[in-house]
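Novice: Sharing final_17.txt, compact mmCIF, C-alpha atoms and all ligand atoms:
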# COMPACT_ATOMS: atom_id res chain seq x y z
CA MET Q 1 -96.49 -62.83 44.36
CA ASN Q 2 -94.16 -65.63 45.13
CA ARG Q 3 -95.99 -68.83 44.51
CA ILE Q 4 -94.97 -72.41 44.46
CA LEU Q 5 -97.44 -74.51 42.62
CA THR Q 6 -97.45 -78.24 42.94
CA LYS Q 7 -99.70 -80.13 40.66
CA SER Q 8 -100.25 -83.81 40.27
CA THR Q 9 -102.73 -85.33 37.92
CA SER Q 10 -104.79 -88.45 38.29
CA ARG Q 11 -107.10 -89.98 35.73
CA LEU Q 12 -110.15 -87.88 36.44
CA SER Q 13 -108.99 -85.18 38.66
CA ARG Q 14 -106.21 -82.86 39.59
CA ARG Q 15 -105.11 -81.96 43.01
CA VAL Q 16 -103.62 -78.62 43.49
CA ALA Q 17 -101.58 -77.55 46.45
CA LEU Q 18 -100.89 -73.87 46.37
CA PHE Q 19 -98.46 -72.25 48.70
CA LEU Q 20 -98.44 -68.49 48.98
CA LEU Q 21 -95.75 -66.49 50.63
CA THR Q 22 -98.05 -63.93 52.05
CA PRO Q 23 -96.02 -61.03 53.36
CA LEU Q 24 -94.15 -60.74 50.12
CA PHE Q 25 -97.41 -61.07 48.26
CA LEU Q 26 -99.01 -58.24 50.25
CA PHE Q 27 -95.92 -56.14 49.78
CA LEU Q 28 -95.92 -56.64 46.01
CA THR Q 29 -99.66 -56.03 45.77
CA ARG Q 30 -99.25 -52.71 47.51
CA LYS Q 31 -96.26 -51.79 45.40
CA ALA Q 32 -98.37 -52.51 42.33
CA HIS Q 33 -100.96 -50.09 43.69
CA GLY Q 34 -98.30 -47.51 44.42
CA GLN Q 35 -98.88 -47.75 48.15
CA GLU Q 36 -96.50 -47.75 51.04
CA GLU Q 37 -96.29 -50.73 53.34
CA PRO Q 38 -99.22 -50.48 55.76
CA GLN Q 39 -98.68 -49.53 59.37
CA THR Q 40 -100.06 -52.67 60.95
CA PRO Q 41 -99.45 -53.42 64.61
CA GLU Q 42 -96.89 -56.00 65.57
CA GLY Q 43 -98.11 -59.55 65.30
CA GLU Q 44 -100.40 -59.08 62.31
CA TRP Q 45 -97.68 -60.00 59.87
CA ILE Q 46 -97.25 -63.64 59.11
CA LYS Q 47 -93.78 -65.02 58.77
CA ILE Q 48 -92.99 -66.53 55.39
CA ASN Q 49 -91.78 -69.70 57.08
CA SER Q 50 -94.93 -70.00 59.19
CA ARG Q 51 -97.34 -72.82 58.51
CA VAL Q 52 -100.04 -70.18 58.77
CA SER Q 53 -98.83 -68.60 55.53
CA LEU Q 54 -99.87 -71.67 53.56
CA VAL Q 55 -103.03 -72.03 51.58
CA HIS Q 56 -104.12 -75.49 50.60
CA LEU Q 57 -106.54 -75.79 47.75
CA GLY Q 58 -108.05 -79.14 46.91
CA SER Q 59 -109.89 -77.74 43.97
CA ILE Q 60 -111.45 -80.81 42.47
CA ASP Q 61 -110.58 -83.68 44.74
CA SER Q 62 -111.28 -81.90 47.96
CA PHE Q 63 -110.23 -84.89 50.01
CA ASP Q 64 -107.92 -87.85 49.70
CA LYS Q 65 -109.00 -91.20 48.33
CA THR Q 66 -107.78 -93.86 50.69
CA ALA Q 67 -107.81 -97.66 50.47
CA ALA Q 68 -110.52 -97.85 53.14
CA GLY Q 69 -112.56 -95.10 51.45
CA ILE Q 70 -112.40 -96.93 48.12
CA ALA Q 71 -113.36 -100.22 49.80
CA ALA Q 72 -116.36 -98.56 51.45
CA ALA Q 73 -117.41 -96.98 48.13
CA LYS Q 74 -117.25 -100.40 46.45
CA LEU Q 75 -119.44 -101.85 49.18
CA MET Q 76 -121.96 -99.04 48.71
CA LEU Q 77 -122.01 -99.64 44.96
CA ASP Q 78 -122.57 -103.35 45.51
CA ALA Q 79 -125.38 -102.56 47.95
CA LEU Q 80 -127.07 -100.37 45.33
CA GLU Q 81 -126.47 -102.49 42.26
CA ASN Q 82 -127.29 -105.87 43.78
CA ASN Q 83 -129.64 -104.81 46.53
CA ASN Q 84 -127.09 -106.31 48.89
CA LEU Q 85 -127.90 -105.25 52.45
CA LYS Q 86 -124.92 -107.12 53.82
CA SER Q 87 -122.67 -104.81 51.81
CA ALA Q 88 -124.65 -101.78 52.99
CA LYS Q 89 -124.08 -102.87 56.58
CA GLU Q 90 -120.36 -103.38 56.00
CA ALA Q 91 -120.11 -99.99 54.31
CA VAL Q 92 -121.81 -98.27 57.25
CA LEU Q 93 -119.44 -100.00 59.69
CA THR Q 94 -116.44 -99.07 57.56
CA TYR Q 95 -117.50 -95.39 57.51
CA GLU Q 96 -118.07 -95.54 61.26
CA LYS Q 97 -114.46 -96.58 61.63
CA ILE Q 98 -112.82 -94.27 59.09
CA ILE Q 99 -114.71 -91.00 59.56
CA PRO Q 100 -112.92 -90.07 62.82
CA ASN Q 101 -109.53 -90.91 61.34
CA GLU Q 102 -109.75 -90.01 57.69
CA ASN Q 103 -112.39 -87.58 56.76
CA PHE Q 104 -114.31 -85.34 59.03
CA GLY Q 105 -116.66 -83.00 57.19
CA GLY Q 106 -116.47 -84.66 53.80
CA GLU Q 107 -118.87 -86.89 51.92
CA TYR Q 108 -118.24 -90.05 53.94
CA THR Q 109 -120.97 -88.96 56.34
CA ALA Q 110 -123.40 -88.54 53.43
CA LEU Q 111 -122.53 -91.98 52.04
CA GLN Q 112 -122.96 -93.47 55.51
CA TRP Q 113 -126.36 -91.76 55.66
CA PHE Q 114 -127.37 -93.49 52.40
CA GLY Q 115 -126.13 -96.82 53.78
CA GLU Q 116 -128.18 -96.36 56.94
CA TYR Q 117 -131.20 -95.41 54.85
CA LEU Q 118 -130.93 -98.69 52.89
CA LEU Q 119 -130.84 -100.64 56.15
CA ALA Q 120 -133.75 -98.78 57.77
CA SER Q 121 -137.37 -99.95 58.06
CA PRO Q 122 -139.97 -98.16 55.87
CA GLN Q 123 -141.09 -96.04 58.85
CA GLN Q 124 -137.52 -95.10 59.67
CA GLN Q 125 -136.92 -94.25 56.03
CA GLN Q 126 -139.79 -91.76 56.19
CA GLN Q 127 -138.04 -90.11 59.14
CA PHE Q 128 -134.82 -89.88 57.14
CA LEU Q 129 -136.66 -87.91 54.45
CA LYS Q 130 -138.94 -85.70 56.51
CA GLU Q 131 -137.11 -82.43 55.71
CA PRO Q 132 -138.02 -81.20 52.19
CA LEU Q 133 -134.44 -80.30 51.26
CA VAL Q 134 -133.17 -83.65 52.48
CA LEU Q 135 -135.88 -85.33 50.44
CA GLU Q 136 -134.73 -83.37 47.38
CA PHE Q 137 -131.12 -84.34 48.05
CA PHE Q 138 -132.19 -87.96 48.32
CA ASN Q 139 -134.28 -87.83 45.14
CA PHE Q 140 -131.43 -86.26 43.21
CA PHE Q 141 -129.19 -89.23 43.98
CA ALA Q 142 -131.84 -91.94 44.25
CA ASP Q 143 -134.07 -91.30 41.23
CA ASN Q 144 -133.86 -93.82 38.45
CA ASP Q 145 -132.58 -96.63 40.67
CA PHE Q 146 -129.89 -94.51 42.35
CA ALA Q 147 -128.39 -93.54 38.98
CA ASN Q 148 -126.61 -90.39 40.20
CA LEU Q 149 -125.29 -92.01 43.37
CA LYS Q 150 -123.92 -94.98 41.42
CA GLU Q 151 -122.38 -92.63 38.88
CA TYR Q 152 -120.78 -90.56 41.64
CA LEU Q 153 -119.23 -93.64 43.29
CA LYS Q 154 -117.88 -94.91 39.97
CA ARG Q 155 -116.42 -91.56 38.94
CA LYS Q 156 -115.04 -90.39 42.23
CA TYR Q 157 -113.56 -93.69 43.36
CA GLU Q 158 -112.64 -94.83 39.86
CA ILE Q 159 -114.44 -98.12 40.38
CA GLU Q 160 -115.58 -98.42 36.81
CA GLU Q 161 -114.45 -96.79 33.57
CA LEU Q 162 -117.15 -94.57 32.07
CA GLU Q 163 -117.47 -93.69 28.38
CA ASP Q 164 -116.62 -90.01 28.76
CA ASP Q 165 -113.66 -90.60 31.10
CA GLY Q 166 -110.85 -88.13 30.54
CA SER Q 167 -113.07 -85.50 28.88
CA GLU Q 168 -113.73 -82.04 30.22
CA GLU Q 169 -117.41 -82.90 30.54
CA ALA Q 170 -116.52 -85.84 32.78
CA THR Q 171 -114.47 -83.61 35.06
CA GLU Q 172 -117.28 -81.05 35.24
CA ARG Q 173 -119.82 -83.74 35.97
CA GLU Q 174 -117.72 -85.28 38.73
CA ARG Q 175 -117.18 -81.87 40.27
CA PHE Q 176 -120.90 -81.10 40.19
CA LEU Q 177 -121.85 -84.42 41.81
CA GLU Q 178 -119.13 -84.01 44.41
CA ASP Q 179 -120.17 -80.44 45.24
CA PHE Q 180 -123.73 -81.59 45.59
CA ILE Q 181 -123.01 -84.48 47.93
CA LEU Q 182 -120.61 -82.39 50.02
CA PHE Q 183 -122.62 -79.21 50.40
CA ASN Q 184 -126.14 -80.59 50.72
CA ASN Q 185 -125.03 -83.54 52.88
CA PRO Q 186 -127.91 -84.34 55.29
CA ARG Q 187 -125.30 -84.78 58.05
CA ARG Q 188 -123.75 -81.36 57.50
CA GLU Q 189 -125.49 -79.84 60.52
CA GLU Q 190 -123.79 -82.46 62.72
CA TRP Q 191 -120.24 -81.93 61.52
CA GLU Q 192 -120.43 -78.19 60.87
CA GLN Q 193 -122.82 -77.03 63.61
CA THR Q 194 -124.62 -75.00 60.97
CA SER Q 195 -127.38 -73.77 63.29
CA LYS Q 196 -124.90 -72.33 65.77
CA MET Q 197 -123.12 -70.51 62.96
CA LEU Q 198 -126.37 -69.06 61.69
CA ASP Q 199 -127.53 -68.08 65.18
CA SER Q 200 -124.31 -66.12 65.67
CA LEU Q 201 -125.16 -63.97 62.64
CA ASN Q 202 -128.45 -62.73 64.05
CA VAL Q 203 -130.16 -62.49 60.67
CA GLN Q 204 -133.36 -60.47 60.96
CA PRO Q 205 -136.68 -60.77 59.11
CA GLY Q 206 -136.65 -58.28 56.24
CA TYR Q 207 -132.90 -58.47 55.65
CA ASN Q 208 -131.43 -58.49 52.17
CA VAL Q 209 -128.82 -61.25 52.11
CA ALA Q 210 -126.43 -62.24 49.33
CA ASP Q 211 -125.15 -65.81 49.52
CA ILE Q 212 -122.11 -65.59 47.24
CA GLY Q 213 -120.82 -68.93 46.02
CA CYS Q 214 -124.16 -70.41 47.06
CA GLY Q 215 -123.55 -73.81 45.42
CA PRO Q 216 -126.73 -75.90 45.47
CA GLY Q 217 -128.30 -73.61 48.05
CA TYR Q 218 -127.57 -75.15 51.44
CA TYR Q 219 -127.40 -71.72 53.07
CA THR Q 220 -129.61 -69.92 50.57
CA PHE Q 221 -132.69 -71.78 51.74
CA LYS Q 222 -131.82 -71.28 55.40
CA PHE Q 223 -131.44 -67.52 54.85
CA SER Q 224 -134.68 -67.53 52.89
CA LYS Q 225 -136.54 -68.80 55.98
CA LEU Q 226 -134.78 -66.34 58.30
CA VAL Q 227 -135.45 -63.20 56.26
CA GLY Q 228 -139.08 -64.16 55.54
CA SER Q 229 -141.43 -62.66 53.00
CA GLN Q 230 -140.26 -59.07 53.63
CA GLY Q 231 -136.65 -59.98 52.95
CA LYS Q 232 -134.69 -61.17 49.94
CA VAL Q 233 -131.87 -63.62 49.32
CA LEU Q 234 -129.64 -63.33 46.30
CA ALA Q 235 -128.22 -66.73 45.39
CA VAL Q 236 -124.97 -65.91 43.62
CA ASP Q 237 -122.76 -68.41 41.82
CA THR Q 238 -120.64 -68.70 38.70
CA VAL Q 239 -121.92 -72.24 38.06
CA GLU Q 240 -125.26 -72.39 36.28
CA ASN Q 241 -126.00 -75.97 37.32
CA HIS Q 242 -126.08 -74.89 40.95
CA LEU Q 243 -128.37 -71.96 40.23
CA ASN Q 244 -130.71 -74.14 38.19
CA TYR Q 245 -131.03 -76.48 41.13
CA VAL Q 246 -131.84 -73.60 43.49
CA LYS Q 247 -134.36 -72.28 40.94
CA ASN Q 248 -136.11 -75.65 40.55
CA ILE Q 249 -136.41 -76.21 44.29
CA SER Q 250 -137.62 -72.64 44.87
CA GLU Q 251 -140.32 -73.08 42.25
CA LYS Q 252 -141.33 -76.51 43.50
CA TYR Q 253 -141.83 -75.27 47.08
CA GLY Q 254 -143.21 -71.85 46.19
CA VAL Q 255 -140.24 -70.01 47.72
CA ASN Q 256 -140.43 -66.51 46.27
CA ASN Q 257 -137.84 -64.49 48.17
CA ILE Q 258 -134.82 -65.96 46.37
CA GLU Q 259 -133.33 -64.33 43.27
CA LEU Q 260 -130.60 -65.92 41.19
CA VAL Q 261 -127.43 -64.14 40.13
CA ASN Q 262 -125.05 -65.78 37.69
CA ASN Q 263 -121.98 -63.70 38.44
CA THR Q 264 -118.43 -63.59 37.10
CA THR Q 265 -115.16 -64.00 38.94
CA ASP Q 266 -114.50 -60.26 38.79
CA ASN Q 267 -117.99 -59.06 39.70
CA ALA Q 268 -120.46 -60.32 42.28
CA LYS Q 269 -123.16 -58.47 40.30
CA LEU Q 270 -125.02 -57.15 43.32
CA PRO Q 271 -127.14 -53.99 43.41
CA PRO Q 272 -125.45 -51.00 45.09
CA GLN Q 273 -125.86 -50.38 48.83
CA GLN Q 274 -128.73 -52.78 49.38
CA MET Q 275 -127.27 -55.70 51.29
CA ASP Q 276 -127.60 -56.12 55.05
CA LEU Q 277 -125.49 -59.24 54.94
CA ILE Q 278 -123.14 -60.71 52.39
CA TYR Q 279 -122.22 -64.29 53.14
CA MET Q 280 -119.37 -66.28 51.66
CA CYS Q 281 -118.92 -69.83 52.93
CA SER Q 282 -115.89 -71.77 51.71
CA LEU Q 283 -115.30 -69.29 48.90
CA TYR Q 284 -112.63 -66.84 50.00
CA HIS Q 285 -109.83 -69.42 49.83
CA ILE Q 286 -110.68 -69.79 46.15
CA ILE Q 287 -110.71 -66.06 45.49
CA TYR Q 288 -107.56 -65.50 47.54
CA SER Q 289 -105.57 -68.15 45.73
CA THR Q 290 -106.86 -68.32 42.20
CA SER Q 291 -107.84 -64.80 41.16
CA LEU Q 292 -105.27 -62.48 39.67
CA GLU Q 293 -104.95 -59.23 41.60
CA PRO Q 294 -106.96 -56.98 39.22
CA VAL Q 295 -109.74 -59.57 39.12
CA LYS Q 296 -109.77 -59.87 42.89
CA ASP Q 297 -109.71 -56.07 43.26
CA ARG Q 298 -112.80 -55.73 41.10
CA PHE Q 299 -114.57 -58.63 42.79
CA VAL Q 300 -114.04 -57.34 46.33
CA GLU Q 301 -114.96 -53.82 45.23
CA SER Q 302 -118.24 -55.13 43.82
CA ILE Q 303 -118.99 -56.68 47.22
CA LYS Q 304 -118.02 -53.55 49.08
CA GLN Q 305 -120.27 -51.25 47.08
CA ALA Q 306 -123.23 -53.62 47.58
CA LEU Q 307 -123.29 -53.33 51.38
CA LYS Q 308 -125.58 -50.96 53.22
CA LYS Q 309 -123.80 -48.53 55.56
CA GLU Q 310 -123.95 -50.87 58.56
CA GLY Q 311 -124.05 -54.00 56.42
CA ARG Q 312 -121.87 -56.96 57.31
CA LEU Q 313 -119.65 -59.19 55.24
CA ILE Q 314 -119.35 -62.72 56.65
CA VAL Q 315 -116.49 -64.95 55.60
CA VAL Q 316 -116.61 -68.59 56.67
CA ASP Q 317 -113.64 -70.73 55.79
CA ASN Q 318 -111.39 -73.50 57.06
CA GLY Q 319 -108.33 -72.83 59.16
CA VAL Q 320 -105.04 -74.64 59.13
CA VAL Q 321 -105.39 -77.73 61.27
CA GLU Q 322 -102.36 -79.53 62.56
CA ASP Q 323 -101.60 -82.81 60.85
CA GLN Q 324 -102.74 -85.80 62.84
CA THR Q 325 -104.94 -83.78 65.16
CA LEU Q 326 -108.05 -83.67 63.01
CA PRO Q 327 -108.78 -85.65 59.89
CA TYR Q 328 -110.05 -82.73 57.89
CA HIS Q 329 -108.98 -82.89 54.27
CA GLY Q 330 -110.78 -79.94 52.71
CA PRO Q 331 -109.11 -76.79 51.44
CA TYR Q 332 -107.83 -74.41 54.08
CA ILE Q 333 -106.51 -70.91 54.56
CA ALA Q 334 -105.36 -69.23 57.75
CA LYS Q 335 -107.84 -66.58 58.87
CA GLU Q 336 -105.00 -64.09 59.34
CA LEU Q 337 -104.49 -64.01 55.58
CA ILE Q 338 -108.12 -63.12 54.97
CA ILE Q 339 -108.29 -60.57 57.78
CA ASN Q 340 -105.21 -58.77 56.51
CA GLN Q 341 -106.22 -58.88 52.88
CA LEU Q 342 -109.69 -57.54 53.60
CA LYS Q 343 -108.14 -54.84 55.75
CA TYR Q 344 -106.18 -53.81 52.69
CA TYR Q 345 -109.49 -53.62 50.80
CA GLY Q 346 -111.00 -51.39 53.48
CA PHE Q 347 -112.86 -53.87 55.69
CA ARG Q 348 -112.64 -53.96 59.46
CA LEU Q 349 -113.00 -57.19 61.44
CA ILE Q 350 -115.71 -56.61 64.03
CA ASP Q 351 -116.31 -60.15 65.32
CA GLN Q 352 -115.19 -63.70 64.95
CA TYR Q 353 -116.58 -67.06 66.02
CA GLY Q 354 -115.68 -70.72 65.83
CA PHE Q 355 -117.93 -73.66 66.60
CA ILE Q 356 -115.81 -76.54 65.35
CA PRO Q 357 -112.01 -76.69 65.24
CA GLN Q 358 -111.42 -76.17 61.53
CA ARG Q 359 -114.04 -73.59 60.67
CA TYR Q 360 -113.99 -69.88 61.51
CA VAL Q 361 -116.63 -67.22 61.00
CA LEU Q 362 -115.29 -63.71 60.38
CA VAL Q 363 -117.56 -60.66 60.50
CA PHE Q 364 -116.48 -57.48 58.70
CA GLN Q 365 -117.81 -54.02 58.09
CA VAL Q 366 -116.52 -51.38 55.73
CA GLY Q 367 -114.40 -48.63 57.26
C1 LIG Q 401 -116.80 -74.70 48.22
S1 LIG Q 401 -118.28 -74.23 47.42
C2 LIG Q 401 -119.28 -73.66 48.75
C3 LIG Q 401 -120.78 -73.69 48.48
C4 LIG Q 401 -121.66 -73.08 49.56
N1 LIG Q 401 -121.22 -71.77 49.94
C5 LIG Q 401 -121.73 -73.97 50.77
O1 LIG Q 401 -121.03 -73.72 51.76
O2 LIG Q 401 -122.48 -74.96 50.73
C6 LIG Q 401 -117.81 -72.80 46.57
C7 LIG Q 401 -118.86 -72.30 45.61
O3 LIG Q 401 -118.43 -71.04 45.11
C8 LIG Q 401 -118.65 -70.97 43.72
N2 LIG Q 401 -117.70 -69.97 43.22
C9 LIG Q 401 -116.37 -70.08 42.97
N3 LIG Q 401 -115.85 -68.90 42.60
C10 LIG Q 401 -116.87 -67.99 42.64
C11 LIG Q 401 -116.97 -66.60 42.41
N4 LIG Q 401 -115.92 -65.86 42.06
N5 LIG Q 401 -118.17 -66.00 42.54
C12 LIG Q 401 -119.25 -66.73 42.93
N6 LIG Q 401 -119.23 -68.05 43.16
C13 LIG Q 401 -118.05 -68.66 43.03
C14 LIG Q 401 -118.48 -72.40 43.25
O4 LIG Q 401 -119.16 -72.61 42.03
C15 LIG Q 401 -119.10 -73.19 44.40
O5 LIG Q 401 -120.47 -73.35 44.22
Would you mind giving the structure from this file in structure tokens?
Specialist:
Amino acid sequence: MNRILTKSTSRLSRRVALFLLTPLFLFLTRKAHGQEEPQTPEGEWIKINSRVSLVHLGSIDSFDKTAAGIAAAKLMLDALENNNLKSAKEAVLTYEKIIPNENFGGEYTALQWFGEYLLASPQQQQQFLKEPLVLEFFNFFADNDFANLKEYLKRKYEIEELEDDGSEEATERERFLEDFILFNNPRREEWEQTSKMLDSLNVQPGYNVADIGCGPGYYTFKFSKLVGSQGKVLAVDTVENHLNYVKNISEKYGVNNIELVNNTTDNAKLPPQQMDLIYMCSLYHIIYSTSLEPVKDRFVESIKQALKKEGRLIVVDNGVVEDQTLPYHGPYIAKELIINQLKYYGFRLIDQYGFIPQRYVLVFQVG
């Protein structure tokens, strides 16, 4: 694999841009497996000098910190620390302005949501929190006088030095808070069109679904409702903190069709031939770019053997968006890379959808 790795470090976080030269990579992978070059039809190969052959991984800082973003974060912190509604209002207006230009689909929309909550009347605030999972999201950040939200703003935007700054624990903590605010963002439906994505999958009551890389359960709980009491959802993640959160919420709300799986990077740890649907949202770019080939081989094999005969593997990820056309700063990977790699692993693309410009939904079956 020919890989150019660019790494720059900041105080709390590292940004990684990883560029993979795909055709050569596929060629070498197959050589390593003693296989001939595959007979793929014209057009499926991606030129090395194509922009489509790039993978961008923002592993910890999944979006840029800009002057306006930092200013808005400072206003939010002031609003929380000094009960300053004027600052909350300014923060909301700042996010209004910068979201379309700087960060579509990131945590700005969640921070704006908090700002709007602070400005709302008590009745309106009740409306903000009417969904149980939104209420839990809110409580997570708002308990103890907004301790977690303040901590997040300080860490992420480097507004204030914290005691553990520079330690591994600090990096882990920042990553956890950031994952949480990004994935369980109450405004996610609006930017991602989550419901349309789920509708397209036609999940049936009684299904067994594995949500691999479930994070703090945004999709897990949606699948749980769709499959009902006859079905089962396996919430699979390598990060225990995420699974603990899913476990606590499940227990609190008496949800009993979710099982937790703390897997490893080389094994999804799923039971054989039992899954109707295996779902991976914003995970394949990580596997594609960061797993060594033998690890990836074992991981994908563990997914493959878990599917029922007609079972489907769903891969949702972010495509390459042209600079200046959409302010999306998350990690991205061209869908062609995933389609071709999964073809190599024995999966066939049977459908694909897109509901917003940067996100694609790929549907595969084995064979
Ligand atoms: C970008 S997040 C997406 C979370 C969730 N799917 C969502 O869309 O809200 C990726 C998640 O995958 C998890 N992860 C990374 N590598 C993994 C692996 N090999 N197996 C399972 N989970 C993994 C991370 O801990 C993280 O929770």
Novice: Taking all atoms listed in the file into account, which residues are within 7 Å of ligand LIG 401 (chain Q), as a PyMOL selection string?
Specialist: chain Q and resi 179+183-184+212-219+236-239+242+263-266+268+280-283+286-287
Novice: Could you jot down the atom CA of Q:Tyr279 to atom CA of Q:Ser224 separation for me, Å, one decimal place?
Specialist: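 Taking atom CA of Q:Tyr279 and atom CA of Q:Ser224, their separation equals 12.9 Å.
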Novice: Using atom CA of Q:Met275 and atom CA of Q:Gly231 as the two end points, give the distance in Å to one decimal.
Specialist: 10.4 Å
Novice: Any chance you could tabulate, as a tab-separated table, the residues of stretch 296-360 of chain Q at most 10 Å from stretch 48-53 of chain Q with each one's nearest atom pair and distance in Å to one decimal, using only C-alpha atoms, in chain and rising number order?
Specialist:
residue	atom	partner	partner_atom	distance
Q:Gly319	CA	Q:Val52	CA	8.7
Q:Val320	CA	Q:Val52	CA	6.7
Q:Val321	CA	Q:Val52	CA	9.6
Q:Glu322	CA	Q:Arg51	CA	9.3
Q:Ile333	CA	Q:Val52	CA	7.8
Q:Ala334	CA	Q:Val52	CA	5.5
Q:Lys335	CA	Q:Val52	CA	8.6
Q:Glu336	CA	Q:Val52	CA	7.9
Q:Leu337	CA	Q:Ser53	CA	7.3
Novice: For stretch 85-101 of chain Q, work out the shell of residues within 8 Å, counting all atoms listed in the file and skipping chain neighbours fewer than 3 positions away, then give it as a PDB file with C-alpha atoms, in the coordinates of the input.
Specialist:
ATOM      1  CA  ALA Q  68    -110.520 -97.850  53.140  1.00  0.00           C
ATOM      2  CA  GLY Q  69    -112.560 -95.100  51.450  1.00  0.00           C
ATOM      3  CA  ALA Q  72    -116.360 -98.560  51.450  1.00  0.00           C
ATOM      4  CA  ALA Q  73    -117.410 -96.980  48.130  1.00  0.00           C
ATOM      5  CA  LEU Q  75    -119.440-101.850  49.180  1.00  0.00           C
ATOM      6  CA  MET Q  76    -121.960 -99.040  48.710  1.00  0.00           C
ATOM      7  CA  ASP Q  78    -122.570-103.350  45.510  1.00  0.00           C
ATOM      8  CA  ALA Q  79    -125.380-102.560  47.950  1.00  0.00           C
ATOM      9  CA  PHE Q 104    -114.310 -85.340  59.030  1.00  0.00           C
ATOM     10  CA  TYR Q 108    -118.240 -90.050  53.940  1.00  0.00           C
ATOM     11  CA  THR Q 109    -120.970 -88.960  56.340  1.00  0.00           C
ATOM     12  CA  GLN Q 112    -122.960 -93.470  55.510  1.00  0.00           C
ATOM     13  CA  GLY Q 115    -126.130 -96.820  53.780  1.00  0.00           C
ATOM     14  CA  GLU Q 116    -128.180 -96.360  56.940  1.00  0.00           C
ATOM     15  CA  LEU Q 118    -130.930 -98.690  52.890  1.00  0.00           C
ATOM     16  CA  LEU Q 119    -130.840-100.640  56.150  1.00  0.00           C
ATOM     17  CA  LEU Q 326    -108.050 -83.670  63.010  1.00  0.00           C
ATOM     18  CA  PRO Q 327    -108.780 -85.650  59.890  1.00  0.00           C
TER      19      PRO Q 327
END
Novice: Figure out the distance between atom CA of Q:Gln273 and atom CA of Q:Lys225, please, to one decimal in Å.
Specialist: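 Taking atom CA of Q:Lys225 and atom CA of Q:Gln273, their separation equals 22.5 Å.
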Novice: Of the residues Q:Asn148, Q:Gln274, Q:Asn202, Q:Thr220, which is the one nearest to Q:Leu260, using only C-alpha atoms?
Specialist: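 Under the stated criterion, the closest residue is Q:Thr220.
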Novice: Output, as JSON, the centre and edge lengths in Å (one decimal) of the axis-aligned box that contains all listed atoms of stretch 63-74 of chain Q with 8 Å of margin on each side.
Specialist:
{"center_x": -112.6, "center_y": -92.6, "center_z": 49.8, "size_x": 25.6, "size_y": 31.5, "size_z": 22.7}
Novice: Of the candidates Q:Asn241, Q:Asn257, Q:Gln352, Q:Asn185, which one gets nearest to Q:Ser229 if we count all atoms listed in the file?
Specialist: Q:Asn257
Novice: Which protein, DNA or RNA residues are at most 12 Å from (-114.0, -66.6, 66.3) in the file's coordinates when you count only C-alpha atoms, listed as a PyMOL selection string?
Specialist: chain Q and resi 197+200+314-319+335-336+339+349-363
Novice: Using only C-alpha atoms, please write the residues we just selected to a file, as a CSV table (one decimal), in the frame of the given file.
Specialist:
chain,number,residue,atom,x,y,z
Q,197,MET,CA,-123.1,-70.5,63.0
Q,200,SER,CA,-124.3,-66.1,65.7
Q,314,ILE,CA,-119.4,-62.7,56.6
Q,315,VAL,CA,-116.5,-65.0,55.6
Q,316,VAL,CA,-116.6,-68.6,56.7
Q,317,ASP,CA,-113.6,-70.7,55.8
Q,318,ASN,CA,-111.4,-73.5,57.1
Q,319,GLY,CA,-108.3,-72.8,59.2
Q,335,LYS,CA,-107.8,-66.6,58.9
Q,336,GLU,CA,-105.0,-64.1,59.3
Q,339,ILE,CA,-108.3,-60.6,57.8
Q,349,LEU,CA,-113.0,-57.2,61.4
Q,350,ILE,CA,-115.7,-56.6,64.0
Q,351,ASP,CA,-116.3,-60.2,65.3
Q,352,GLN,CA,-115.2,-63.7,65.0
Q,353,TYR,CA,-116.6,-67.1,66.0
Q,354,GLY,CA,-115.7,-70.7,65.8
Q,355,PHE,CA,-117.9,-73.7,66.6
Q,356,ILE,CA,-115.8,-76.5,65.4
Q,357,PRO,CA,-112.0,-76.7,65.2
Q,358,GLN,CA,-111.4,-76.2,61.5
Q,359,ARG,CA,-114.0,-73.6,60.7
Q,360,TYR,CA,-114.0,-69.9,61.5
Q,361,VAL,CA,-116.6,-67.2,61.0
Q,362,LEU,CA,-115.3,-63.7,60.4
Q,363,VAL,CA,-117.6,-60.7,60.5
